[in-house]
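The structure file coords-v6.txt is reproduced below (compact mmCIF, C-alpha atoms).
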# COMPACT_ATOMS: atom_id res chain seq x y z
CA MET N 796 23.96 -12.41 13.83
CA MET N 797 26.42 -9.53 13.79
CA LYS N 798 26.70 -7.56 17.00
CA LYS N 799 26.81 -3.80 17.44
CA ASN N 800 28.22 -4.33 20.91
CA SER N 801 28.18 -7.11 23.50
CA ASP N 802 24.72 -6.16 24.78
CA THR N 803 22.91 -5.91 21.44
CA ILE N 804 21.90 -8.29 18.67
CA LEU N 805 20.68 -7.68 15.14
CA ARG N 806 16.94 -8.18 14.63
CA HIS N 807 16.40 -6.56 11.22
CA ASN N 808 19.14 -6.08 8.64
CA ALA N 809 19.43 -3.01 6.38
CA SER N 810 17.54 -4.48 3.42
CA GLU N 811 14.63 -5.51 5.66
CA ARG N 812 14.43 -2.07 7.22
CA ILE N 813 14.58 -0.25 3.88
CA ASN N 814 11.89 -2.56 2.47
CA HIS N 815 9.68 -1.95 5.52
CA TRP N 816 9.91 1.84 5.40
CA LEU N 817 9.34 1.98 1.64
CA VAL N 818 6.13 0.00 2.19
CA VAL N 819 5.18 2.43 4.98
CA ILE N 820 5.74 5.46 2.73
CA ALA N 821 3.68 3.93 -0.07
CA PHE N 822 0.96 3.02 2.45
CA VAL N 823 0.74 6.58 3.76
CA PHE N 824 0.24 8.00 0.26
CA THR N 825 -2.32 5.40 -0.79
CA ALA N 826 -4.20 5.44 2.52
CA PHE N 827 -4.58 9.21 2.68
CA SER N 828 -5.50 9.61 -0.97
CA GLY N 829 -7.91 6.67 -0.71
CA LEU N 830 -9.63 8.15 2.34
CA GLY N 831 -9.99 11.37 0.38
CA PHE N 832 -11.78 9.51 -2.40
CA PHE N 833 -14.06 7.67 0.02
CA PHE N 834 -15.11 10.40 2.46
CA PRO N 835 -16.25 13.79 1.09
CA SER N 836 -15.20 15.51 4.32
CA LEU N 837 -11.65 14.26 3.74
CA ASN N 838 -11.36 15.36 0.12
CA TRP N 839 -8.40 17.54 1.09
CA PHE N 840 -6.42 14.34 1.74
CA MET N 841 -6.25 13.88 -2.04
CA SER N 842 -3.71 16.70 -2.22
CA ILE N 843 -1.11 14.40 -0.61
CA LEU N 844 -0.07 13.34 -4.12
CA GLY N 845 -0.15 16.88 -5.50
CA THR N 846 -3.67 17.64 -6.69
CA PRO N 847 -6.93 15.60 -6.54
CA GLN N 848 -6.62 14.86 -10.24
CA LEU N 849 -3.01 13.75 -9.90
CA SER N 850 -3.91 11.64 -6.86
CA ARG N 851 -6.52 9.74 -8.86
CA ILE N 852 -3.88 8.95 -11.47
CA LEU N 853 -1.06 8.07 -9.07
CA HIS N 854 -3.05 6.24 -6.38
CA PRO N 855 -3.20 2.87 -8.22
CA PHE N 856 0.46 3.12 -9.28
CA VAL N 857 1.64 3.80 -5.73
CA GLY N 858 -0.68 1.05 -4.48
CA SER N 859 0.85 -1.36 -6.99
CA LEU N 860 4.31 -0.38 -5.78
CA MET N 861 3.27 -1.04 -2.18
CA ALA N 862 1.93 -4.50 -3.10
CA PHE N 863 5.12 -5.30 -5.05
CA LEU N 864 7.37 -4.27 -2.16
CA PHE N 865 5.24 -6.24 0.30
CA ILE N 866 5.87 -9.43 -1.68
CA PHE N 867 9.47 -9.37 -0.46
CA MET N 868 8.33 -8.86 3.14
CA PHE N 869 5.80 -11.68 2.82
CA PHE N 870 8.31 -14.30 1.73
CA ARG N 871 11.07 -12.97 4.00
CA TYR N 872 8.94 -13.39 7.13
CA LEU N 873 6.70 -16.30 6.08
CA LYS N 874 8.67 -18.94 8.00
CA TYR N 875 8.26 -16.99 11.25
CA ASN N 876 4.48 -16.60 11.03
CA PHE N 877 3.06 -20.09 11.31
CA VAL N 878 1.05 -20.63 14.50
CA ASP N 879 2.45 -23.11 17.04
CA LYS N 880 1.42 -24.36 20.48
CA GLN N 881 3.37 -21.61 22.27
CA ASP N 882 1.14 -19.07 20.56
CA LEU N 883 -1.87 -20.70 22.19
CA ILE N 884 -0.21 -20.29 25.59
CA TRP N 885 0.44 -16.64 24.71
CA VAL N 886 -3.19 -15.93 23.84
CA LYS N 887 -4.46 -17.76 26.93
CA ASN N 888 -2.36 -15.38 29.00
CA ILE N 889 -3.26 -12.25 27.07
CA HIS N 890 -4.10 -10.52 30.37
CA LYS N 891 -0.41 -10.76 31.30
CA VAL N 892 0.65 -9.48 27.89
CA LEU N 893 -1.58 -6.43 28.35
CA ARG N 894 0.34 -5.73 31.56
CA ASN N 895 3.54 -5.78 29.48
CA GLU N 896 4.44 -9.22 30.80
CA GLU N 897 5.31 -12.10 28.52
CA ALA N 898 3.82 -15.59 28.34
CA GLY N 899 4.88 -18.64 26.39
CA ASP N 900 8.16 -19.55 24.77
CA ILE N 901 7.83 -17.04 21.93
CA GLY N 902 9.97 -17.28 18.81
CA HIS N 903 10.64 -14.54 16.28
CA TYR N 904 7.05 -13.25 16.52
CA ASN N 905 4.15 -13.66 18.95
CA LEU N 906 0.59 -14.53 17.95
CA GLY N 907 -0.47 -10.88 17.78
CA GLN N 908 2.33 -10.08 15.34
CA LYS N 909 1.52 -13.18 13.30
CA GLY N 910 -2.12 -12.13 13.14
CA ILE N 911 -1.14 -8.70 11.82
CA TYR N 912 1.11 -10.34 9.21
CA TRP N 913 -1.70 -12.52 7.86
CA VAL N 914 -4.34 -9.77 7.94
CA LEU N 915 -2.02 -7.40 6.06
CA SER N 916 -1.24 -10.11 3.52
CA LEU N 917 -4.90 -10.94 2.93
CA CYS N 918 -5.90 -7.28 2.66
CA LEU N 919 -3.18 -6.54 0.13
CA ILE N 920 -4.22 -9.52 -2.00
CA VAL N 921 -7.84 -8.29 -2.04
CA LEU N 922 -6.75 -4.70 -2.66
CA THR N 923 -4.51 -5.71 -5.54
CA ILE N 924 -7.11 -7.89 -7.29
CA SER N 925 -9.99 -5.46 -6.75
CA GLY N 926 -7.78 -2.50 -7.62
CA ILE N 927 -6.91 -4.01 -10.99
CA ILE N 928 -10.60 -4.59 -11.73
CA ILE N 929 -11.57 -0.98 -11.01
CA TRP N 930 -8.44 0.62 -12.52
CA ARG N 931 -9.47 3.04 -15.24
CA PRO N 932 -8.64 3.35 -18.09
CA TYR N 933 -6.49 0.23 -18.17
CA PHE N 934 -8.53 -2.75 -16.93
CA SER N 935 -12.07 -1.80 -15.88
CA ASP N 936 -13.41 -2.03 -19.44
CA TYR N 937 -12.82 -5.78 -19.36
CA PHE N 938 -15.29 -6.31 -16.50
CA SER N 939 -19.04 -5.97 -16.10
CA ILE N 940 -20.67 -3.26 -13.98
CA SER N 941 -21.72 -5.80 -11.32
CA ILE N 942 -18.16 -7.10 -10.98
CA ILE N 943 -16.78 -3.56 -10.76
CA ARG N 944 -19.30 -2.70 -8.03
CA ALA N 945 -18.36 -5.82 -6.06
CA ALA N 946 -14.67 -4.95 -6.52
CA LEU N 947 -15.27 -1.39 -5.29
CA LEU N 948 -16.94 -2.73 -2.14
CA ALA N 949 -14.17 -5.27 -1.55
CA HIS N 950 -11.51 -2.62 -2.16
CA SER N 951 -13.10 -0.18 0.28
CA LEU N 952 -13.65 -2.74 3.07
CA SER N 953 -10.19 -4.26 2.78
CA ALA N 954 -8.64 -0.77 2.78
CA ILE N 955 -10.44 0.10 6.01
CA VAL N 956 -9.32 -3.17 7.62
CA LEU N 957 -5.76 -2.55 6.41
CA ILE N 958 -5.66 0.96 7.86
CA ILE N 959 -7.02 -0.20 11.23
CA THR N 960 -4.50 -3.07 11.31
CA VAL N 961 -1.60 -0.75 10.54
CA VAL N 962 -2.71 1.63 13.31
CA VAL N 963 -2.82 -1.30 15.77
CA HIS N 964 0.59 -2.45 14.55
CA ALA N 965 2.08 1.03 15.02
CA TYR N 966 0.52 1.41 18.48
CA ALA N 967 1.90 -1.97 19.59
CA ALA N 968 5.35 -1.03 18.28
CA PHE N 969 5.37 2.16 20.37
CA TRP N 970 3.87 0.36 23.37
CA VAL N 971 6.60 -2.29 23.51
CA LYS N 972 9.68 -0.23 24.22
CA GLY N 973 12.56 -1.09 21.90
CA SER N 974 10.43 -2.29 18.98
CA ILE N 975 10.70 0.95 17.00
CA ARG N 976 14.47 1.03 17.41
CA SER N 977 14.71 -2.49 16.00
CA MET N 978 13.15 -1.30 12.74
CA VAL N 979 15.06 2.01 12.66
CA GLU N 980 18.53 0.95 13.79
CA GLY N 981 18.11 -2.81 13.46
CA TRP N 982 19.35 -3.62 16.95
CA VAL N 983 17.70 -4.80 20.17
CA THR N 984 19.22 -5.42 23.55
CA ARG N 985 19.74 -8.97 24.75
CA GLY N 986 17.43 -8.22 27.66
CA TRP N 987 14.67 -7.17 25.25
CA ALA N 988 15.10 -10.33 23.18
CA ARG N 989 15.20 -12.57 26.24
CA LYS N 990 12.02 -11.02 27.66
CA HIS N 991 9.84 -10.71 24.55
CA HIS N 992 11.15 -13.50 22.27
CA PRO N 993 13.00 -16.06 24.43
CA ARG N 994 13.00 -18.88 21.87
CA TRP N 995 14.37 -16.59 19.17
CA TYR N 996 17.01 -15.36 21.63
CA ARG N 997 18.17 -18.92 22.27
CA GLU N 998 18.39 -19.47 18.51
CA VAL N 999 20.60 -16.38 18.24
CA LEU N 1000 22.85 -17.66 21.03
CA LYS N 1001 23.13 -21.02 19.28
CA GLU N 1002 24.15 -19.33 16.03
CA GLU N 1003 26.78 -17.27 17.86
CA LYS N 1004 28.26 -20.37 19.49
CA GLU N 1005 28.38 -22.21 16.17
CA LYS N 1006 30.22 -19.31 14.53
CA LYS N 1007 32.84 -19.33 17.30
CA LYS N 1008 33.68 -22.99 16.69
Target format structure tokens, applied to this file:
Amino acid sequence: MMKKNSDTILRHNASERINHWLVVIAFVFTAFSGLGFFFPSLNWFMSILGTPQLSRILHPFVGSLMAFLFIFMFFRYLKYNFVDKQDLIWVKNIHKVLRNEEAGDIGHYNLGQKGIYWVLSLCLIVLTISGIIIWRPYFSDYFSISIIRAALLAHSLSAIVLIITVVVHAYAAFWVKGSIRSMVEGWVTRGWARKHHPRWYREVLKEEKEKKK
């Protein structure tokens, strides 16, 4: 881990941050245009990609880009998102977490963050598969009306779950002071790491000691 100064450590490198924000940008465009398609009262959201007609054309392309970019995030963070016994301690003490206290010997991510990772991954898989099925004029002709209807329902439900999950993720990032900076600048303080992710912090210290040898 490279250091910005003696009190900070790197949590997210430049490529991770760029990847994350590109996914966010693609999500904003697809989410707003999709809501415009789904709710008549929000039809004006479709203008986010220019015009309603242009949004209908670009929505699946931008959605495909988002899914493609997320593949890199999925495999980059996969090893950090398997549930372990410390996560069970964390969830048993969720009342402390809600008071901005920490519980359990948390590694790179806590159980809440792992849950968001898996929900996002599942939603994007469903959105991608169902989106291909309903994508006119390229693929929908290969499927029956009943399959297209089922895909439309799956696409809509998974999109709603995805949007809610992203809102929760964003709220949690603002709630835990220092989290936003880690994805903007890449750095966190040692105190932040020691409080919120003690096991990860010890791993960082171990890496630093090994590099000094």
*Do a neighbour search on region 805-822 of chain N at 10 Å with only C-alpha atoms, toss out local chain neighbours closer than 3 positions, and write the hits as a PyMOL selection string.*
chain N and resi 796-799+825-828+854+856-865+867-868+871-872+903+957-958+961+974+976-985+988+995+999
Might I get the box with edges along x, y and z of the file that holds all atoms of region 954-957 of chain N listed there, padded by 4 Å on every side, given as centre and edge lengths in Å to one decimal, as JSON?
{"center_x": -8.1, "center_y": -1.5, "center_z": 5.2, "size_x": 12.7, "size_y": 11.3, "size_z": 12.8}
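We find CA of Val956 (chain N) and CA of Phe834 (chain N) to be spaced 15.6 Å apart.
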_Using only C-alpha atoms: which of N:Ser941, N:Asn895, N:Ser925, N:Asn876 has the shortest distance to Pro855 (chain N)_ = N:Ser925
*Nearest to Asp900 (chain N), chosen from N:Lys874, N:Lys1006, N:Lys880, N:Lys972, with only C-alpha atoms counted in the distances*: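 Closest residue, counting only C-alpha atoms: N:Lys880.
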*Point out the residue among N:Ile955, N:Tyr933, N:His992, N:Ser842 with the least atom-to-atom distance to Leu906 (chain N), counting all atoms listed in the file.*
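The closest residue to Leu906 (chain N) is N:His992.
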_For Ala965 (chain N), the nearest of the candidates N:Leu948, N:Gln908, N:Ile940, N:His991, counting only C-alpha atoms_ =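 Smallest separation from Ala965 (chain N) among the options: N:Gln908.
One distance worth recording is that between CA of Thr960 (chain N) and CA of Ile911 (chain N), which is 6.6 Å.
One distance worth recording is that between CA of Ile866 (chain N) and CA of Ile929 (chain N), which is 21.5 Å.
Shell of Lys909 (chain N) at 10 Å, with all atoms listed in the file counted and residues fewer than 4 places along the chain excluded, is Tyr872, Leu873, Tyr875, Asn876, Phe877, Val878, Asp882, His903, Tyr904, Asn905, Trp913, Val914 and Leu915 of chain N.
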